[in-house]
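Working notes, beginning with the structure itself.
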Amino acid sequence: MPFINTMYSGDITDAQQDEIKTALGKAVSAIGKSEAWLMVGFEPNSPLYFKGEKSEKIAYVEVNLFGSASGSAYDKMTGEICRILGDSLGVPADKVYVKYSPTDHWGWNGRNL
């Protein structure tokens, strides 16, 4: 049950959102999850600054997941996220931050798992 939210400094078209969503659906296998429970969100045109500068192509990605994964799984997932954003939006990997938030408490369908 991951939720992946992407804040991006520029515009994201519907086609790009669909492309990223599909790619993330495959990439979540790196952290032992499946697309069946994946939720994806986008926050385009976010005013982001990196190293004191406002850049045209910056992204901040939050990966929230029920349970956790190994350090090597997170490394692989970060590589996939950077590749996906590079391919779809042209964001350089050195302008992407990824935050992982594993949790033992996740609510769905009126109850907690």
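Identifiers for the structure tokens are assigned positionally: chains receive A, B, ... in sequence, residues are indexed from 1 per chain, and ligands are indexed from 1 in the order shown.
For stretch 44-53 of chain A, the residues within 6 Å (counting only C-alpha atoms, excluding itself and residues fewer than 4 positions away along the chain) are A:Met7, A:Tyr8, A:Ser9, A:Gly10, A:Asp11, A:Ile12.
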Can you tell me which residues surround A:Ala15 at a distance of at most 10 Å, considering only C-alpha atoms, apart from same-chain residues fewer than 5 positions away, and format the answer as a list of chain:residue names?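 Counting only C-alpha atoms, the residues come to A:Ile20, A:Lys21, A:Ser88.
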Selection: 7 Å around stretch 22-31 of chain A, only C-alpha atoms, excl. self and same-chain fewer than 5 positions, as a JSON list (two decimals) with N, CA, C and O atoms, in the first residue's frame:
[["chain", "number", "residue", "atom", "x", "y", "z"],
["A", 38, "LEU", "N", -1.27, 0.60, -5.23],
["A", 38, "LEU", "CA", -0.54, 1.86, -5.38],
["A", 38, "LEU", "C", -1.48, 3.04, -5.60],
["A", 38, "LEU", "O", -2.39, 2.97, -6.43],
["A", 69, "ALA", "N", 11.01, -1.61, 3.81],
["A", 69, "ALA", "CA", 11.83, -2.35, 2.85],
["A", 69, "ALA", "C", 13.29, -2.25, 3.29],
["A", 69, "ALA", "O", 13.62, -1.48, 4.19],
["A", 73, "ALA", "N", 16.67, -2.07, -1.30],
["A", 73, "ALA", "CA", 15.41, -1.89, -2.02],
["A", 73, "ALA", "C", 15.10, -0.40, -2.19],
["A", 73, "ALA", "O", 14.67, 0.03, -3.27],
["A", 74, "TYR", "N", 15.33, 0.38, -1.13],
["A", 74, "TYR", "CA", 15.12, 1.83, -1.25],
["A", 74, "TYR", "C", 16.09, 2.43, -2.27],
["A", 74, "TYR", "O", 15.72, 3.31, -3.06],
["A", 76, "LYS", "N", 17.33, 0.97, -4.91],
["A", 76, "LYS", "CA", 16.84, 0.61, -6.23],
["A", 76, "LYS", "C", 15.63, 1.47, -6.62],
["A", 76, "LYS", "O", 15.52, 1.94, -7.75],
["A", 77, "MET", "N", 14.74, 1.67, -5.67],
["A", 77, "MET", "CA", 13.54, 2.47, -5.94],
["A", 77, "MET", "C", 13.90, 3.92, -6.24],
["A", 77, "MET", "O", 13.34, 4.53, -7.15],
["A", 80, "GLU", "N", 15.02, 4.09, -9.73],
["A", 80, "GLU", "CA", 13.88, 4.01, -10.64],
["A", 80, "GLU", "C", 13.11, 5.33, -10.70],
["A", 80, "GLU", "O", 12.73, 5.79, -11.78],
["A", 84, "ILE", "N", 12.62, 7.51, -14.04],
["A", 84, "ILE", "CA", 11.27, 7.80, -14.53],
["A", 84, "ILE", "C", 11.06, 9.30, -14.70],
["A", 84, "ILE", "O", 10.57, 9.76, -15.74]]
So the first atom is atom CA of A:Gly79 and the second is atom CA of A:Asp104; what is the distance between them in Å, to one decimal place? 24.7 Å
Just give me the gap between atom CA of A:Leu89 and atom CA of A:Ile4 in Å, one decimal is fine.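 Going from atom CA of A:Leu89 over to atom CA of A:Ile4, I get 16.3 Å.
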Please identify all polymer residues within 10 Å of A:Gly107, counting only C-alpha atoms, omitting same-chain residues fewer than 6 positions from it, and present them as a list in words. Met1, Phe66 and Leu113 of chain A
Export, as a PDB file, in the first residue's frame, the selected residues with C-alpha atoms.
ATOM      1  CA  MET A   1       0.000   0.000   0.000  1.00  0.00           C
ATOM      2  CA  PHE A  66       2.725   0.171   4.827  1.00  0.00           C
ATOM      3  CA  LEU A 113      -4.573  -2.800   8.708  1.00  0.00           C
TER       4      LEU A 113
END
From a DSSP pass on the backbone, collect the residues of chain A flagged as alpha helix (DSSP H) and hand them back as an NGL selection string. :A and (14-27 or 71-89)
Any chance you could export the current selection's N, CA and C atoms as an mmCIF file, in the first residue's frame?
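The resulting part-v1.cif:
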data_model
loop_
_atom_site.group_PDB
_atom_site.id
_atom_site.type_symbol
_atom_site.label_atom_id
_atom_site.label_comp_id
_atom_site.auth_asym_id
_atom_site.auth_seq_id
_atom_site.Cartn_x
_atom_site.Cartn_y
_atom_site.Cartn_z
ATOM 1 N N ASP A 14 -1.460 15.592 -18.658
ATOM 2 C CA ASP A 14 -2.176 14.363 -18.310
ATOM 3 C C ASP A 14 -1.444 13.146 -18.864
ATOM 4 N N ALA A 15 -0.907 13.257 -20.073
ATOM 5 C CA ALA A 15 -0.173 12.139 -20.677
ATOM 6 C C ALA A 15 1.083 11.814 -19.861
ATOM 7 N N GLN A 16 1.787 12.838 -19.386
ATOM 8 C CA GLN A 16 2.973 12.610 -18.557
ATOM 9 C C GLN A 16 2.585 11.968 -17.227
ATOM 10 N N GLN A 17 1.498 12.434 -16.630
ATOM 11 C CA GLN A 17 1.040 11.833 -15.376
ATOM 12 C C GLN A 17 0.740 10.353 -15.581
ATOM 13 N N ASP A 18 0.076 10.020 -16.670
ATOM 14 C CA ASP A 18 -0.255 8.633 -16.940
ATOM 15 C C ASP A 18 1.011 7.805 -17.169
ATOM 16 N N GLU A 19 1.971 8.361 -17.887
ATOM 17 C CA GLU A 19 3.242 7.676 -18.143
ATOM 18 C C GLU A 19 3.993 7.414 -16.837
ATOM 19 N N ILE A 20 4.054 8.429 -15.970
ATOM 20 C CA ILE A 20 4.753 8.297 -14.683
ATOM 21 C C ILE A 20 4.027 7.298 -13.795
ATOM 22 N N LYS A 21 2.715 7.391 -13.740
ATOM 23 C CA LYS A 21 1.907 6.471 -12.934
ATOM 24 C C LYS A 21 2.131 5.032 -13.355
ATOM 25 N N THR A 22 2.155 4.784 -14.644
ATOM 26 C CA THR A 22 2.374 3.433 -15.165
ATOM 27 C C THR A 22 3.773 2.929 -14.818
ATOM 28 N N ALA A 23 4.767 3.778 -14.990
ATOM 29 C CA ALA A 23 6.151 3.397 -14.679
ATOM 30 C C ALA A 23 6.332 3.140 -13.186
ATOM 31 N N LEU A 24 5.721 3.977 -12.345
ATOM 32 C CA LEU A 24 5.806 3.759 -10.897
ATOM 33 C C LEU A 24 5.111 2.465 -10.503
ATOM 34 N N GLY A 25 4.040 2.119 -11.213
ATOM 35 C CA GLY A 25 3.328 0.874 -10.953
ATOM 36 C C GLY A 25 4.221 -0.344 -11.115
ATOM 37 N N LYS A 26 5.167 -0.260 -12.034
ATOM 38 C CA LYS A 26 6.138 -1.342 -12.222
ATOM 39 C C LYS A 26 7.281 -1.217 -11.219
ATOM 40 N N ALA A 27 7.711 0.009 -10.954
ATOM 41 C CA ALA A 27 8.876 0.247 -10.096
ATOM 42 C C ALA A 27 8.650 -0.146 -8.645
ATOM 43 N N GLY A 71 17.392 -1.359 2.870
ATOM 44 C CA GLY A 71 18.142 -0.229 2.328
ATOM 45 C C GLY A 71 18.442 -0.399 0.854
ATOM 46 N N SER A 72 18.787 -1.607 0.432
ATOM 47 C CA SER A 72 19.077 -1.839 -0.989
ATOM 48 C C SER A 72 17.822 -1.699 -1.844
ATOM 49 N N ALA A 73 16.668 -2.071 -1.295
ATOM 50 C CA ALA A 73 15.408 -1.891 -2.021
ATOM 51 C C ALA A 73 15.097 -0.404 -2.191
ATOM 52 N N TYR A 74 15.330 0.385 -1.131
ATOM 53 C CA TYR A 74 15.124 1.828 -1.252
ATOM 54 C C TYR A 74 16.089 2.427 -2.268
ATOM 55 N N ASP A 75 17.335 1.970 -2.278
ATOM 56 C CA ASP A 75 18.309 2.453 -3.271
ATOM 57 C C ASP A 75 17.818 2.184 -4.688
ATOM 58 N N LYS A 76 17.335 0.972 -4.910
ATOM 59 C CA LYS A 76 16.840 0.607 -6.235
ATOM 60 C C LYS A 76 15.633 1.466 -6.618
ATOM 61 N N MET A 77 14.737 1.670 -5.669
ATOM 62 C CA MET A 77 13.542 2.471 -5.937
ATOM 63 C C MET A 77 13.903 3.919 -6.245
ATOM 64 N N THR A 78 14.863 4.464 -5.504
ATOM 65 C CA THR A 78 15.305 5.835 -5.783
ATOM 66 C C THR A 78 15.855 5.935 -7.194
ATOM 67 N N GLY A 79 16.647 4.948 -7.606
ATOM 68 C CA GLY A 79 17.156 4.936 -8.971
ATOM 69 C C GLY A 79 16.034 4.901 -9.995
ATOM 70 N N GLU A 80 15.018 4.093 -9.726
ATOM 71 C CA GLU A 80 13.875 4.008 -10.638
ATOM 72 C C GLU A 80 13.109 5.328 -10.702
ATOM 73 N N ILE A 81 12.873 5.944 -9.552
ATOM 74 C CA ILE A 81 12.156 7.224 -9.522
ATOM 75 C C ILE A 81 12.927 8.272 -10.315
ATOM 76 N N CYS A 82 14.233 8.353 -10.099
ATOM 77 C CA CYS A 82 15.042 9.336 -10.830
ATOM 78 C C CYS A 82 15.020 9.068 -12.329
ATOM 79 N N ARG A 83 15.093 7.800 -12.715
ATOM 80 C CA ARG A 83 15.034 7.447 -14.142
ATOM 81 C C ARG A 83 13.685 7.833 -14.741
ATOM 82 N N ILE A 84 12.618 7.507 -14.038
ATOM 83 C CA ILE A 84 11.265 7.800 -14.527
ATOM 84 C C ILE A 84 11.061 9.297 -14.705
ATOM 85 N N LEU A 85 11.443 10.086 -13.703
ATOM 86 C CA LEU A 85 11.262 11.540 -13.803
ATOM 87 C C LEU A 85 12.184 12.143 -14.849
ATOM 88 N N GLY A 86 13.355 11.565 -15.022
ATOM 89 C CA GLY A 86 14.256 12.021 -16.074
ATOM 90 C C GLY A 86 13.676 11.745 -17.451
ATOM 91 N N ASP A 87 13.178 10.527 -17.648
ATOM 92 C CA ASP A 87 12.605 10.146 -18.940
ATOM 93 C C ASP A 87 11.335 10.930 -19.265
ATOM 94 N N SER A 88 10.460 11.083 -18.278
ATOM 95 C CA SER A 88 9.147 11.695 -18.528
ATOM 96 C C SER A 88 9.148 13.215 -18.496
ATOM 97 N N LEU A 89 9.951 13.796 -17.595
ATOM 98 C CA LEU A 89 9.907 15.249 -17.396
ATOM 99 C C LEU A 89 11.243 15.945 -17.656
#
Would you list the contacts of A:Val63 as a list of chain:residue names, taking every protein, DNA or RNA residue within 8 Å and counting only C-alpha atoms, but skipping same-chain residues closer than 2 positions in sequence? A:Pro2, A:Phe3, A:Ile4, A:Asn5, A:Val61, A:Leu65, A:Val98, A:Lys99, A:Tyr100, A:Ser101
So that I have them on file, write out the residues from the current selection with N, CA, C and O atoms, as a compact mmCIF listing (two decimals), in the first residue's frame.
# COMPACT_ATOMS: atom_id res chain seq x y z
N PRO A 2 1.56 1.45 -1.07
CA PRO A 2 2.32 2.70 -1.11
C PRO A 2 1.49 3.85 -1.68
O PRO A 2 0.56 3.65 -2.46
N PHE A 3 1.83 5.04 -1.24
CA PHE A 3 1.34 6.28 -1.84
C PHE A 3 2.58 7.05 -2.25
O PHE A 3 3.45 7.31 -1.43
N ILE A 4 2.67 7.37 -3.53
CA ILE A 4 3.81 8.11 -4.04
C ILE A 4 3.30 9.45 -4.54
O ILE A 4 2.47 9.53 -5.45
N ASN A 5 3.79 10.51 -3.91
CA ASN A 5 3.38 11.87 -4.27
C ASN A 5 4.58 12.62 -4.82
O ASN A 5 5.66 12.60 -4.22
N VAL A 61 9.84 13.86 -4.08
CA VAL A 61 8.97 12.69 -4.13
C VAL A 61 8.88 12.07 -2.74
O VAL A 61 9.90 11.82 -2.10
N LEU A 65 4.71 4.05 2.72
CA LEU A 65 4.34 2.67 2.53
C LEU A 65 4.01 1.97 3.84
O LEU A 65 4.54 2.30 4.88
N VAL A 98 14.10 12.19 -2.68
CA VAL A 98 13.11 11.16 -2.43
C VAL A 98 13.09 10.87 -0.92
O VAL A 98 14.14 10.63 -0.33
N LYS A 99 11.92 10.93 -0.34
CA LYS A 99 11.76 10.65 1.09
C LYS A 99 10.90 9.40 1.25
O LYS A 99 9.84 9.28 0.64
N TYR A 100 11.38 8.48 2.08
CA TYR A 100 10.64 7.26 2.36
C TYR A 100 10.06 7.35 3.77
O TYR A 100 10.76 7.70 4.71
N SER A 101 8.79 7.00 3.90
CA SER A 101 8.11 7.01 5.19
C SER A 101 7.39 5.68 5.37
O SER A 101 6.23 5.53 5.01
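Residue nearest A:Met39 within the list A:Thr13, A:Asn64, A:Thr103, A:Asn112: A:Asn64 [criterion: smallest interatomic distance, only C-alpha atoms].
Checking A:Gly90, A:Thr6, A:Gly110, A:Tyr97 one by one against A:Gly41, counting only C-alpha atoms, you find the shortest gap at A:Thr6.
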Atom CA of A:Ile58 and atom CA of A:Val96 are how many Å apart?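 Distance reported for this atom pair: 6.1 Å.
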Test item, strand (DSSP E) assignment across chain A, answer as a ChimeraX atom specification: /A:3-8,39-43,49-50,53-54,59-66,96-103,107-108,111-112
Go ahead and save the residues from that selection, with N, CA and C atoms, as a JSON list (two decimals), in the first residue's frame.
[["chain", "number", "residue", "atom", "x", "y", "z"],
["A", 3, "PHE", "N", 1.83, 5.04, -1.24],
["A", 3, "PHE", "CA", 1.34, 6.28, -1.84],
["A", 3, "PHE", "C", 2.58, 7.05, -2.25],
["A", 4, "ILE", "N", 2.67, 7.37, -3.53],
["A", 4, "ILE", "CA", 3.81, 8.11, -4.04],
["A", 4, "ILE", "C", 3.30, 9.45, -4.54],
["A", 5, "ASN", "N", 3.79, 10.51, -3.91],
["A", 5, "ASN", "CA", 3.38, 11.87, -4.27],
["A", 5, "ASN", "C", 4.58, 12.62, -4.82],
["A", 6, "THR", "N", 4.39, 13.26, -5.96],
["A", 6, "THR", "CA", 5.46, 13.99, -6.62],
["A", 6, "THR", "C", 5.14, 15.48, -6.71],
["A", 7, "MET", "N", 5.97, 16.28, -6.06],
["A", 7, "MET", "CA", 5.91, 17.73, -6.24],
["A", 7, "MET", "C", 6.92, 18.06, -7.34],
["A", 8, "TYR", "N", 6.49, 18.85, -8.31],
["A", 8, "TYR", "CA", 7.35, 19.18, -9.45],
["A", 8, "TYR", "C", 7.25, 20.67, -9.73],
["A", 39, "MET", "N", -1.25, 4.11, -4.86],
["A", 39, "MET", "CA", -1.92, 5.39, -5.09],
["A", 39, "MET", "C", -0.84, 6.39, -5.46],
["A", 40, "VAL", "N", -1.10, 7.20, -6.48],
["A", 40, "VAL", "CA", -0.13, 8.17, -6.97],
["A", 40, "VAL", "C", -0.76, 9.55, -6.98],
["A", 41, "GLY", "N", 0.00, 10.55, -6.55],
["A", 41, "GLY", "CA", -0.48, 11.93, -6.58],
["A", 41, "GLY", "C", 0.56, 12.84, -7.23],
["A", 42, "PHE", "N", 0.09, 13.95, -7.77],
["A", 42, "PHE", "CA", 0.96, 14.93, -8.42],
["A", 42, "PHE", "C", 0.64, 16.33, -7.92],
["A", 43, "GLU", "N", 1.68, 17.10, -7.69],
["A", 43, "GLU", "CA", 1.54, 18.51, -7.35],
["A", 43, "GLU", "C", 2.41, 19.30, -8.32],
["A", 49, "TYR", "N", 12.78, 25.28, -4.48],
["A", 49, "TYR", "CA", 14.13, 25.86, -4.56],
["A", 49, "TYR", "C", 15.12, 24.79, -4.14],
["A", 50, "PHE", "N", 16.26, 24.74, -4.81],
["A", 50, "PHE", "CA", 17.30, 23.78, -4.46],
["A", 50, "PHE", "C", 18.63, 24.50, -4.50],
["A", 53, "GLU", "N", 18.39, 28.18, -5.25],
["A", 53, "GLU", "CA", 17.96, 28.62, -6.57],
["A", 53, "GLU", "C", 16.64, 27.98, -6.97],
["A", 54, "LYS", "N", 15.85, 28.76, -7.67],
["A", 54, "LYS", "CA", 14.61, 28.23, -8.24],
["A", 54, "LYS", "C", 14.97, 27.72, -9.64],
["A", 59, "ALA", "N", 12.25, 18.16, -8.46],
["A", 59, "ALA", "CA", 11.16, 17.32, -7.96],
["A", 59, "ALA", "C", 11.46, 16.84, -6.55],
["A", 60, "TYR", "N", 10.40, 16.75, -5.76],
["A", 60, "TYR", "CA", 10.45, 16.17, -4.42],
["A", 60, "TYR", "C", 9.41, 15.06, -4.40],
["A", 61, "VAL", "N", 9.84, 13.86, -4.08],
["A", 61, "VAL", "CA", 8.97, 12.69, -4.13],
["A", 61, "VAL", "C", 8.88, 12.07, -2.74],
["A", 62, "GLU", "N", 7.66, 11.84, -2.29],
["A", 62, "GLU", "CA", 7.43, 11.15, -1.03],
["A", 62, "GLU", "C", 6.87, 9.77, -1.32],
["A", 63, "VAL", "N", 7.50, 8.77, -0.74],
["A", 63, "VAL", "CA", 7.03, 7.39, -0.87],
["A", 63, "VAL", "C", 6.60, 6.94, 0.53],
["A", 64, "ASN", "N", 5.30, 6.85, 0.73],
["A", 64, "ASN", "CA", 4.75, 6.38, 2.00],
["A", 64, "ASN", "C", 4.31, 4.94, 1.80],
["A", 65, "LEU", "N", 4.71, 4.05, 2.72],
["A", 65, "LEU", "CA", 4.34, 2.67, 2.53],
["A", 65, "LEU", "C", 4.01, 1.97, 3.84],
["A", 66, "PHE", "N", 3.10, 1.04, 3.71],
["A", 66, "PHE", "CA", 2.73, 0.17, 4.83],
["A", 66, "PHE", "C", 3.82, -0.88, 4.96],
["A", 96, "VAL", "N", 16.49, 15.75, -7.73],
["A", 96, "VAL", "CA", 15.38, 14.98, -7.19],
["A", 96, "VAL", "C", 15.71, 14.55, -5.76],
["A", 97, "TYR", "N", 14.83, 14.87, -4.84],
["A", 97, "TYR", "CA", 14.90, 14.33, -3.48],
["A", 97, "TYR", "C", 13.79, 13.30, -3.35],
["A", 98, "VAL", "N", 14.10, 12.19, -2.68],
["A", 98, "VAL", "CA", 13.11, 11.16, -2.43],
["A", 98, "VAL", "C", 13.09, 10.87, -0.92],
["A", 99, "LYS", "N", 11.92, 10.93, -0.34],
["A", 99, "LYS", "CA", 11.76, 10.65, 1.09],
["A", 99, "LYS", "C", 10.90, 9.40, 1.25],
["A", 100, "TYR", "N", 11.38, 8.48, 2.08],
["A", 100, "TYR", "CA", 10.64, 7.26, 2.36],
["A", 100, "TYR", "C", 10.06, 7.35, 3.77],
["A", 101, "SER", "N", 8.79, 7.00, 3.90],
["A", 101, "SER", "CA", 8.11, 7.01, 5.19],
["A", 101, "SER", "C", 7.39, 5.68, 5.37],
["A", 102, "PRO", "N", 8.10, 4.70, 5.94],
["A", 102, "PRO", "CA", 7.43, 3.43, 6.24],
["A", 102, "PRO", "C", 6.60, 3.57, 7.51],
["A", 103, "THR", "N", 5.50, 2.82, 7.59],
["A", 103, "THR", "CA", 4.66, 2.88, 8.77],
["A", 103, "THR", "C", 4.05, 1.51, 9.06],
["A", 107, "GLY", "N", -4.51, 3.05, 7.35],
["A", 107, "GLY", "CA", -5.96, 2.91, 7.33],
["A", 107, "GLY", "C", -6.49, 2.78, 5.91],
["A", 108, "TRP", "N", -7.50, 1.96, 5.77],
["A", 108, "TRP", "CA", -8.16, 1.77, 4.47],
["A", 108, "TRP", "C", -9.53, 1.17, 4.71],
["A", 111, "ARG", "N", -11.04, 1.05, 8.28],
["A", 111, "ARG", "CA", -10.34, 0.37, 9.39],
["A", 111, "ARG", "C", -8.84, 0.48, 9.18],
["A", 112, "ASN", "N", -8.10, 0.05, 10.16],
["A", 112, "ASN", "CA", -6.65, 0.04, 10.05],
["A", 112, "ASN", "C", -6.17, -1.38, 9.80]]
